[in-house]
$ cat data25.txt   # compact mmCIF, C-alpha atoms
# COMPACT_ATOMS: atom_id res chain seq x y z
CA MET A 384 122.17 122.84 86.47
CA PHE A 385 122.95 123.01 90.19
CA HIS A 386 120.83 126.16 90.63
CA LEU A 387 117.93 124.54 88.79
CA ALA A 388 118.01 121.53 91.10
CA CYS A 389 118.12 123.76 94.18
CA ARG A 390 115.11 125.70 92.95
CA ASN A 391 113.16 122.45 92.54
CA VAL A 392 114.21 121.49 96.06
CA VAL A 393 112.71 124.65 97.53
CA LYS A 394 109.46 124.14 95.63
CA ALA A 395 109.15 120.59 96.98
CA ASN A 396 109.69 121.63 100.62
CA TRP A 397 113.04 119.90 100.97
CA ARG A 398 114.77 120.97 104.13
CA GLY A 399 118.02 120.31 106.01
CA ALA A 400 121.56 119.42 105.21
CA GLN A 401 120.71 115.99 103.77
CA THR A 402 118.28 117.59 101.35
CA LEU A 403 120.90 120.07 100.20
CA GLN A 404 123.39 117.26 99.66
CA LEU A 405 120.86 115.35 97.61
CA ALA A 406 120.26 118.46 95.53
CA ARG A 407 124.01 118.70 94.88
CA ASN A 408 123.93 115.10 93.74
CA PHE A 409 121.40 116.06 91.13
CA SER A 410 123.97 118.33 89.58
CA GLY A 411 125.79 115.27 88.24
CA ALA A 412 122.71 114.01 86.37
CA SER A 413 121.60 115.32 83.05
CA ILE A 414 117.90 116.13 83.35
CA ASN A 415 115.82 117.39 80.50
CA LEU A 416 112.68 119.00 81.88
CA GLY A 417 110.77 118.65 78.65
CA LYS A 418 107.58 116.63 79.02
CA ARG A 419 108.60 114.04 76.44
CA SER A 420 112.14 113.46 77.65
CA LEU A 421 111.68 113.52 81.44
CA PRO A 422 113.21 110.26 82.77
CA ARG A 423 111.17 108.02 85.09
CA GLU A 424 114.08 107.82 87.55
CA VAL A 425 116.90 110.12 88.57
CA LYS A 426 120.12 108.42 89.59
CA THR A 427 122.13 109.96 92.40
CA LYS A 428 125.30 108.89 94.14
CA GLY A 429 124.47 105.50 95.66
CA ILE A 430 120.69 105.90 95.39
CA THR A 431 118.05 105.94 92.70
CA VAL A 432 115.16 108.32 93.27
CA PRO A 433 112.04 107.18 91.36
CA LYS A 434 110.13 109.93 89.61
CA ASP A 435 106.62 108.61 90.26
CA ALA A 436 104.74 107.04 93.16
CA TYR A 437 104.34 103.62 91.57
CA LEU A 438 108.07 103.13 91.13
CA MET A 439 108.66 104.59 94.60
CA SER A 440 106.38 101.95 96.19
CA ASP A 441 108.24 99.20 94.36
CA LYS A 442 111.57 100.67 95.47
CA ILE A 443 110.49 100.75 99.13
CA LYS A 444 109.52 97.08 99.08
CA LYS A 445 112.82 96.08 97.47
CA LEU A 446 114.90 98.07 99.95
CA ALA A 447 112.94 96.70 102.93
CA SER A 448 113.29 93.13 101.67
CA ASN A 449 117.05 93.67 101.54
CA ASP A 450 117.06 94.89 105.16
CA LYS A 451 117.60 98.50 104.10
CA LEU A 452 114.55 100.07 105.74
CA ALA A 453 116.56 103.11 106.87
CA ASP A 454 117.50 103.79 103.25
CA ALA A 455 113.85 103.46 102.23
CA ILE A 456 112.80 106.00 104.88
CA ALA A 457 115.53 108.43 103.84
CA LEU A 458 114.54 107.99 100.20
CA VAL A 459 110.90 108.93 100.79
CA MET A 460 111.73 111.75 103.19
CA ASN A 461 114.02 113.34 100.60
CA SER A 462 111.99 112.63 97.48
CA PRO A 463 109.98 115.18 95.47
CA LEU A 464 106.30 115.43 96.23
CA ARG A 465 105.36 114.03 92.84
CA ALA A 466 107.08 110.76 93.82
CA GLN A 467 105.04 110.54 97.02
CA SER A 468 101.46 109.43 97.61
CA THR A 469 99.31 107.92 100.31
CA VAL A 470 100.12 104.47 98.93
CA VAL A 471 103.86 105.18 99.16
CA TRP A 472 103.60 106.23 102.80
CA ASN A 473 101.38 103.23 103.55
CA HIS A 474 104.10 100.92 102.23
CA LEU A 475 106.71 102.68 104.32
CA ILE A 476 104.61 102.55 107.51
CA ASP A 477 103.77 98.90 106.84
CA GLU A 478 107.44 97.94 106.55
CA CYS A 479 108.11 99.63 109.90
CA GLY A 480 105.27 97.65 111.43
CA LYS A 481 106.74 94.39 110.15
CA LYS A 482 110.01 95.29 111.87
CA GLN A 483 108.15 96.00 115.16
CA MET A 484 109.09 99.69 114.89
CA VAL A 485 105.72 101.01 116.02
CA GLY A 486 107.15 104.32 117.26
CA LYS A 487 108.75 105.01 113.90
CA ALA A 488 105.52 104.00 112.15
CA PHE A 489 103.51 106.64 114.03
CA LYS A 490 106.17 109.29 113.40
CA LEU A 491 105.96 108.57 109.69
CA PHE A 492 102.18 108.77 109.95
CA GLN A 493 102.45 112.29 111.37
CA GLU A 494 104.99 113.25 108.69
CA MET A 495 102.70 111.86 106.02
CA LYS A 496 99.86 114.15 107.17
CA ARG A 497 102.22 117.12 107.50
CA ARG A 498 103.18 116.75 103.85
CA GLY A 499 99.55 116.87 102.78
CA HIS A 500 98.87 113.18 102.13
CA ALA A 501 95.53 112.24 103.65
CA PRO A 502 95.44 108.79 105.28
CA ASN A 503 92.91 106.28 104.00
CA GLU A 504 91.30 103.20 105.57
CA LYS A 505 94.31 101.11 104.62
CA THR A 506 96.58 103.49 106.55
CA PHE A 507 94.72 102.93 109.82
CA THR A 508 94.64 99.18 109.26
CA ILE A 509 98.41 99.20 108.76
CA LEU A 510 98.97 101.28 111.90
CA ILE A 511 96.83 99.03 114.11
CA ASN A 512 98.50 96.00 112.60
CA ALA A 513 101.89 97.55 113.38
CA CYS A 514 100.78 97.77 117.02
CA ALA A 515 99.69 94.12 116.91
CA ASN A 516 103.11 93.11 115.60
CA SER A 517 104.89 95.16 118.27
CA VAL A 518 103.08 94.23 121.50
CA SER A 519 105.99 92.06 122.60
CA ALA A 520 108.57 94.75 121.81
CA SER A 521 106.69 97.85 122.98
CA PRO A 522 104.60 98.01 126.19
CA THR A 523 102.61 100.95 124.79
CA ALA A 524 101.76 99.34 121.43
CA LEU A 525 98.27 98.21 122.44
CA GLN A 526 97.52 101.58 124.04
CA LYS A 527 98.47 103.31 120.79
CA ALA A 528 96.14 101.00 118.86
CA LEU A 529 93.25 101.68 121.23
CA GLU A 530 93.77 105.46 121.08
CA LEU A 531 93.85 105.39 117.30
CA TYR A 532 90.75 103.21 117.14
CA ASN A 533 88.83 105.46 119.55
CA LYS A 534 89.73 108.51 117.45
CA MET A 535 88.30 106.74 114.43
CA VAL A 536 85.09 105.99 116.35
CA GLN A 537 84.69 109.69 117.17
CA SER A 538 85.51 110.85 113.64
CA ASP A 539 83.32 111.18 110.59
CA SER A 540 84.82 107.94 109.21
CA PRO A 541 84.07 105.23 111.77
CA PRO A 542 86.22 102.09 111.79
CA SER A 543 85.28 99.23 109.50
CA LEU A 544 85.15 95.57 110.41
CA VAL A 545 88.71 95.18 109.09
CA HIS A 546 89.92 97.72 111.66
CA THR A 547 88.03 95.94 114.44
CA ASN A 548 89.46 92.57 113.44
CA THR A 549 92.96 94.03 113.49
CA LEU A 550 92.36 95.54 116.93
CA ILE A 551 91.11 92.18 118.21
CA LYS A 552 94.31 90.60 116.91
CA ALA A 553 96.34 93.22 118.81
CA CYS A 554 94.40 92.53 122.02
CA SER A 555 94.91 88.80 121.57
CA ARG A 556 98.66 89.11 121.15
CA ALA A 557 98.87 91.46 124.13
CA GLY A 558 96.83 89.07 126.28
CA ASP A 559 94.21 91.74 127.07
CA MET A 560 91.19 89.43 127.03
CA LYS A 561 88.83 91.95 128.66
CA THR A 562 89.36 94.55 125.94
CA LEU A 563 89.10 91.80 123.35
CA ALA A 564 85.76 90.61 124.74
CA ASP A 565 84.48 94.20 124.96
CA SER A 566 85.45 94.81 121.32
CA TYR A 567 83.64 91.66 120.23
CA ASN A 568 80.51 92.41 122.27
CA SER A 569 80.35 95.96 120.85
CA LEU A 570 80.01 94.73 117.26
CA ASP A 571 76.74 95.09 115.41
CA THR A 572 74.73 91.95 114.80
CA ARG A 573 73.61 93.12 111.36
CA GLY A 574 75.01 95.25 108.59
CA PRO A 575 78.57 95.83 107.36
CA GLY A 576 79.89 96.03 110.91
CA ALA A 577 78.67 92.56 111.87
CA PRO A 578 81.37 89.98 112.65
CA ASP A 579 82.57 87.66 109.89
CA VAL A 580 84.43 84.35 109.98
CA VAL A 581 87.72 86.19 110.56
CA THR A 582 86.30 87.91 113.65
CA TYR A 583 84.88 84.72 115.09
CA ASN A 584 88.10 82.81 114.46
CA LEU A 585 90.27 85.50 116.07
CA VAL A 586 88.14 85.59 119.22
CA ILE A 587 87.77 81.80 119.54
CA SER A 588 91.48 81.26 118.95
CA ALA A 589 92.43 83.89 121.53
CA PHE A 590 90.34 82.29 124.29
CA ALA A 591 91.39 78.80 123.20
CA HIS A 592 95.02 79.73 123.80
CA LYS A 593 94.05 81.24 127.15
CA GLY A 594 92.91 77.77 128.13
CA GLY A 595 91.00 76.53 131.13
CA ASP A 596 87.27 76.28 131.56
CA ASP A 597 86.84 80.07 131.54
CA GLY A 598 88.58 80.34 128.20
CA PHE A 599 86.52 77.45 126.85
CA LYS A 600 83.20 78.94 127.97
CA PHE A 601 83.72 82.23 126.15
CA ALA A 602 85.16 80.48 123.08
CA PHE A 603 82.21 78.08 122.96
CA GLN A 604 79.76 80.97 123.34
CA VAL A 605 81.36 82.69 120.35
CA TRP A 606 81.27 79.38 118.44
CA GLU A 607 77.53 79.13 119.10
CA ASP A 608 77.13 82.74 117.91
CA PHE A 609 79.01 81.85 114.75
CA ARG A 610 76.94 78.74 113.98
CA ARG A 611 73.68 80.64 114.53
CA ASP A 612 74.90 83.58 112.44
CA LEU A 613 76.08 81.21 109.70
CA ARG A 614 72.67 79.50 109.50
CA GLN A 615 70.91 82.84 109.20
CA TYR A 616 73.37 83.99 106.56
CA GLU A 617 72.90 80.83 104.50
CA LYS A 618 69.12 81.21 104.69
CA SER A 619 69.36 84.82 103.52
CA GLN A 620 71.56 83.76 100.60
CA VAL A 621 69.01 81.13 99.54
CA LYS A 622 66.18 83.66 99.79
CA ARG A 623 68.22 86.16 97.81
CA GLN A 624 68.66 83.63 95.01
CA ASP A 625 64.97 82.76 95.06
CA ASP A 626 63.99 86.45 94.89
CA TYR A 627 66.45 87.27 92.12
CA ASP A 628 64.79 89.36 89.40
CA PRO A 629 66.85 89.69 86.20
CA TYR A 630 64.67 92.64 85.20
CA ALA A 631 65.25 94.61 88.38
CA ASP A 632 66.06 98.26 87.88
CA LEU A 633 69.64 99.26 87.19
CA TYR A 634 70.06 101.11 90.47
CA GLN A 635 69.32 98.05 92.58
CA SER A 636 71.64 95.81 90.57
CA GLN A 637 74.46 98.35 90.82
CA ARG A 638 73.83 98.76 94.54
CA ARG A 639 74.16 95.02 95.09
CA ARG A 640 77.49 95.02 93.32
CA THR A 641 78.86 97.86 95.45
CA ILE A 642 78.02 96.08 98.74
CA PRO A 643 80.87 93.69 99.57
CA GLU A 644 79.95 90.08 100.18
CA ARG A 645 80.13 89.12 103.83
CA ASN A 646 82.88 86.64 104.57
CA MET A 647 80.81 83.93 106.27
CA ARG A 648 81.73 80.31 105.74
CA LEU A 649 82.65 77.26 107.78
CA ASP A 650 86.35 76.55 107.29
CA VAL A 651 88.94 74.29 108.86
CA GLU A 652 90.73 77.09 110.74
CA ILE A 653 87.78 78.12 112.87
CA VAL A 654 86.96 74.46 113.58
CA ASN A 655 90.55 73.89 114.68
CA SER A 656 90.25 76.89 116.99
CA ILE A 657 87.19 75.58 118.80
CA LEU A 658 88.73 72.09 118.98
CA LEU A 659 91.79 73.67 120.61
CA ALA A 660 89.49 75.36 123.14
CA CYS A 661 88.02 71.95 123.98
CA LYS A 662 91.45 70.38 124.25
CA ASN A 663 92.70 73.09 126.61
CA ALA A 664 89.62 72.94 128.87
CA ASP A 665 89.95 71.49 132.35
CA SER A 666 86.71 69.57 132.92
CA LYS A 667 85.98 66.41 130.95
CA GLU A 668 82.49 67.67 130.19
CA ASN A 669 83.91 70.64 128.30
CA ILE A 670 86.55 68.53 126.57
CA GLU A 671 83.90 66.12 125.31
CA GLN A 672 82.04 68.95 123.59
CA ALA A 673 84.56 68.33 120.82
CA PHE A 674 82.90 65.01 119.99
CA THR A 675 79.63 66.75 119.07
CA ILE A 676 81.53 69.26 116.95
CA LEU A 677 83.41 66.49 115.13
CA SER A 678 80.12 64.74 114.39
CA ASP A 679 78.48 67.89 113.05
CA VAL A 680 81.41 69.23 111.04
CA TYR A 681 83.31 66.16 109.83
CA GLY A 682 80.66 63.46 110.22
CA LEU A 683 82.97 61.53 112.52
CA GLY A 684 81.25 59.08 114.85
CA ARG A 685 78.42 58.49 112.38
CA VAL A 686 80.13 55.53 110.77
CA ARG A 687 77.71 52.86 111.90
CA GLU A 688 74.70 54.96 110.86
CA LYS A 689 76.09 55.38 107.36
CA LEU A 690 77.08 51.73 107.03
CA SER A 691 73.63 50.66 108.16
CA HIS A 692 72.00 53.09 105.72
CA TYR A 693 73.96 51.60 102.83
CA GLY A 694 73.39 48.02 104.00
CA LEU A 695 77.08 47.35 104.50
CA GLY A 696 76.89 45.99 108.03
CA ASN A 697 80.29 46.27 109.70
CA GLU A 698 82.37 46.13 106.54
CA ALA A 699 84.66 49.03 107.35
CA ASP A 700 86.63 48.55 104.13
CA GLU A 701 83.61 49.88 102.22
CA LEU A 702 83.62 53.13 104.17
CA SER A 703 85.85 54.88 101.63
CA ASN A 704 83.04 54.58 99.07
CA ILE A 705 80.75 56.77 101.17
CA GLU A 706 81.09 60.39 100.13
CA ASN A 707 79.39 63.38 101.67
CA ALA A 708 80.29 66.77 100.24
CA ALA A 709 78.53 68.56 103.12
CA TYR A 710 81.41 67.78 105.49
CA LEU A 711 84.69 69.64 105.66
CA ARG A 712 87.98 68.03 104.80
CA PRO A 713 90.30 67.96 107.85
CA LYS A 714 93.94 68.98 107.79
CA ARG A 715 96.91 67.26 109.37
CA SER A 716 96.73 69.71 112.26
CA THR A 717 93.10 68.65 112.76
CA VAL A 718 94.17 65.02 113.15
CA ASP A 719 96.62 65.98 115.91
CA LEU A 720 93.91 67.95 117.71
CA ILE A 721 91.42 65.08 117.49
CA ILE A 722 93.91 62.55 118.86
CA GLY A 723 95.03 64.99 121.56
CA ILE A 724 91.43 65.51 122.69
CA CYS A 725 90.82 61.77 122.88
CA LEU A 726 94.02 61.28 124.86
CA LYS A 727 93.14 63.99 127.35
CA ALA A 728 89.58 62.69 127.74
CA LYS A 729 90.99 59.13 128.04
CA GLU A 730 88.69 58.06 125.21
CA PHE A 731 91.33 55.89 123.56
CA GLN A 732 89.01 53.60 121.61
CA ARG A 733 87.10 56.60 120.29
CA GLY A 734 90.38 58.09 119.10
CA VAL A 735 91.28 54.86 117.31
CA ASP A 736 87.85 54.83 115.63
CA TYR A 737 88.24 58.48 114.59
CA TYR A 738 91.65 57.82 113.10
CA SER A 739 90.47 54.75 111.17
CA GLU A 740 87.50 56.67 109.82
CA ILE A 741 89.62 59.63 108.74
CA VAL A 742 92.16 57.43 106.94
CA GLN A 743 89.46 55.56 105.04
CA LYS A 744 87.22 58.53 104.34
CA TYR A 745 90.06 60.79 103.17
CA PRO A 746 92.59 58.46 101.50
CA THR A 747 94.41 61.39 99.85
CA LEU A 748 95.10 63.12 103.18
CA GLN A 749 98.87 62.91 103.59
CA LEU A 750 99.86 62.57 107.24
CA ASP A 751 103.27 63.65 108.51
CA ILE A 752 105.66 62.25 111.10
CA GLN A 753 103.98 64.26 113.86
CA ASN A 754 100.62 62.66 113.05
CA PHE A 755 102.09 59.16 113.09
CA SER A 756 103.85 59.87 116.39
CA THR A 757 100.63 61.06 118.01
CA VAL A 758 98.60 58.15 116.60
CA SER A 759 101.23 55.64 117.70
CA PHE A 760 101.03 56.98 121.23
CA LEU A 761 97.23 56.68 121.08
CA PHE A 762 97.44 53.03 120.03
CA LEU A 763 99.87 52.32 122.87
CA ARG A 764 97.44 53.85 125.36
CA ARG A 765 94.61 51.78 123.94
CA ILE A 766 96.66 48.58 124.19
CA ALA A 767 97.59 49.47 127.76
CA GLU A 768 93.93 50.05 128.55
CA ILE A 769 92.99 46.63 127.16
CA HIS A 770 95.68 44.79 129.09
CA GLY A 771 95.08 46.82 132.21
CA HIS A 772 98.65 46.48 133.47
CA ARG A 773 101.38 48.58 131.91
CA GLY A 774 104.34 46.89 133.54
CA SER A 775 103.95 43.52 131.81
CA LEU A 776 102.95 45.17 128.56
CA TYR A 777 106.07 47.29 128.18
CA ASP A 778 108.69 44.92 129.54
CA SER A 779 110.09 44.56 126.02
CA GLN A 780 109.61 48.22 125.16
CA SER A 781 111.89 51.13 125.85
CA PHE A 782 111.76 53.01 129.13
CA LYS A 783 111.01 56.16 127.14
CA VAL A 784 107.60 54.84 126.06
CA ARG A 785 106.63 54.05 129.66
CA ARG A 786 107.80 57.46 130.82
CA ASN A 787 105.80 59.26 128.10
CA ILE A 788 102.62 57.45 129.15
CA GLU A 789 103.16 58.29 132.82
CA ASN A 790 103.82 61.93 131.95
CA ALA A 791 100.63 62.05 129.89
CA ASP A 792 98.65 60.87 132.90
CA GLY A 793 100.06 63.72 134.94
CA LYS A 794 99.04 66.39 132.42

$ encode --input "data25.txt" --output "structure tokens"
Amino acid sequence: MFHLACRNVVKANWRGAQTLQLARNFSGASINLGKRSLPREVKTKGITVPKDAYLMSDKIKKLASNDKLADAIALVMNSPLRAQSTVVWNHLIDECGKKQMVGKAFKLFQEMKRRGHAPNEKTFTILINACANSVSASPTALQKALELYNKMVQSDSPPSLVHTNTLIKACSRAGDMKTLADSYNSLDTRGPGAPDVVTYNLVISAFAHKGGDDGFKFAFQVWEDFRRDLRQYEKSQVKRQDDYDPYADLYQSQRRRTIPERNMRLDVEIVNSILLACKNADSKENIEQAFTILSDVYGLGRVREKLSHYGLGNEADELSNIENAAYLRPKRSTVDLIIGICLKAKEFQRGVDYYSEIVQKYPTLQLDIQNFSTVSFLFLRRIAEIHGHRGSLYDSQSFKVRRNIENADGK
């Protein structure tokens, strides 16, 4: 039995002392090589070697989740070829990326190719994502991602939009805004390589976190690109529905199904990103761009127009009956951004109006303690603005409240 296991080891290209030890371990297991009785797993001393790639992938994920990534690597390195596949190596490389082990991930990538497993698109996405996860731990992580991406550009299989989005994420985390902007500007405006909502959100969020007027200007430019692109996409979708022919030839219908739908939609995350860019801007003019966005996206600030349209006058308690499905539903994080923008722009009454409108328009929106803290601070600023003199207003309040207001003025 020992000689049979060793012969299988040689056929599978097992090498080294560890491989020989694993082969000896096989001698303690009873293996019937008949097709009907071949077990799906072979148990060894302290380790179970799956006999097919599906079980191997599941084993890798379990070992990695139990903080046994080294065991998972050793398991794949010493497993028979029939238990390996591109998917198995992708899982292994991905787990290394999650642990910020970008150097190990690229070594496994080379070993994967050496063993005859061709990488697929998912492999390159995982590798670039590993670099994105490791920019804080490895100074060469971004350079590795750029080199890999450039090799893909020069190959017969150019990078997809998913690869570009992942590279943009790596640039954002590394703080390389020039490379990020170059990557965005190099994208096609039409076709499968055109940016989607993920691309726009990544770029806007990156420059929003950069802050300042320069960060705002580029973020707002990308926001304008997104809104224009979204309008064109929606028009094309309407035209596509109008031109739909149920009797079209089979080739065209199959071709439409094979082309993936472009991910273009207005969601809360991208709106939060551009609101953050406004909040982090320096000039009041740029900060106040948020008010136009809030009017367009959430319908905020149009209260009086709606009340007048419905003949309700100033009866704000009837506002909750006005529904408009065209507007997005804000999140709790959106409320904090809106209040923060109003505080920075010193538009306290506007912030109070926004908050009242949100509460009445979205009665099921559950606010948290952070929201109430921010709103309370806004109301205190508005009261202080009305009275015009903080000292007499806060004589009965804690010193902490006065100090927070003074600190806010200095920001």

$ atom_distance --input "data25.txt" --atom1 "atom CA of A:Asp596" --atom2 "atom CA of A:Asp665"
5.5 Å

$ closest_residue --input "data25.txt" --among "A:Ser666, A:Thr506, A:Gln753, A:Ser759" --to "A:Tyr738" --atoms "all atoms listed in the file"
A:Ser759

$ closest_residue --input "data25.txt" --among "A:Arg715, A:Arg765, A:Lys552, A:Lys444" --to "A:Gly734" --atoms "only C-alpha atoms"
A:Arg765

$ residues_around --input "data25.txt" --residues "A:Asp441" --least-positions-apart "5" --cutoff "10 Å" --atoms "all atoms listed in the file" --output "CSV table (one decimal) with C-alpha atoms, in the coordinates of the input"
chain,number,residue,atom,x,y,z
A,433,PRO,CA,112.0,107.2,91.4
A,436,ALA,CA,104.7,107.0,93.2
A,446,LEU,CA,114.9,98.1,100.0
A,471,VAL,CA,103.9,105.2,99.2
A,474,HIS,CA,104.1,100.9,102.2

$ atom_distance --input "data25.txt" --atom1 "atom CA of A:Thr675" --atom2 "atom CA of A:Lys618"
22.9 Å

$ closest_residue --input "data25.txt" --among "A:Val581, A:Ile670, A:Val758, A:Val485" --to "A:Met647" --atoms "all atoms listed in the file"
A:Val581

$ atom_distance --input "data25.txt" --atom1 "atom CA of A:Glu652" --atom2 "atom CA of A:Arg764"
28.3 Å
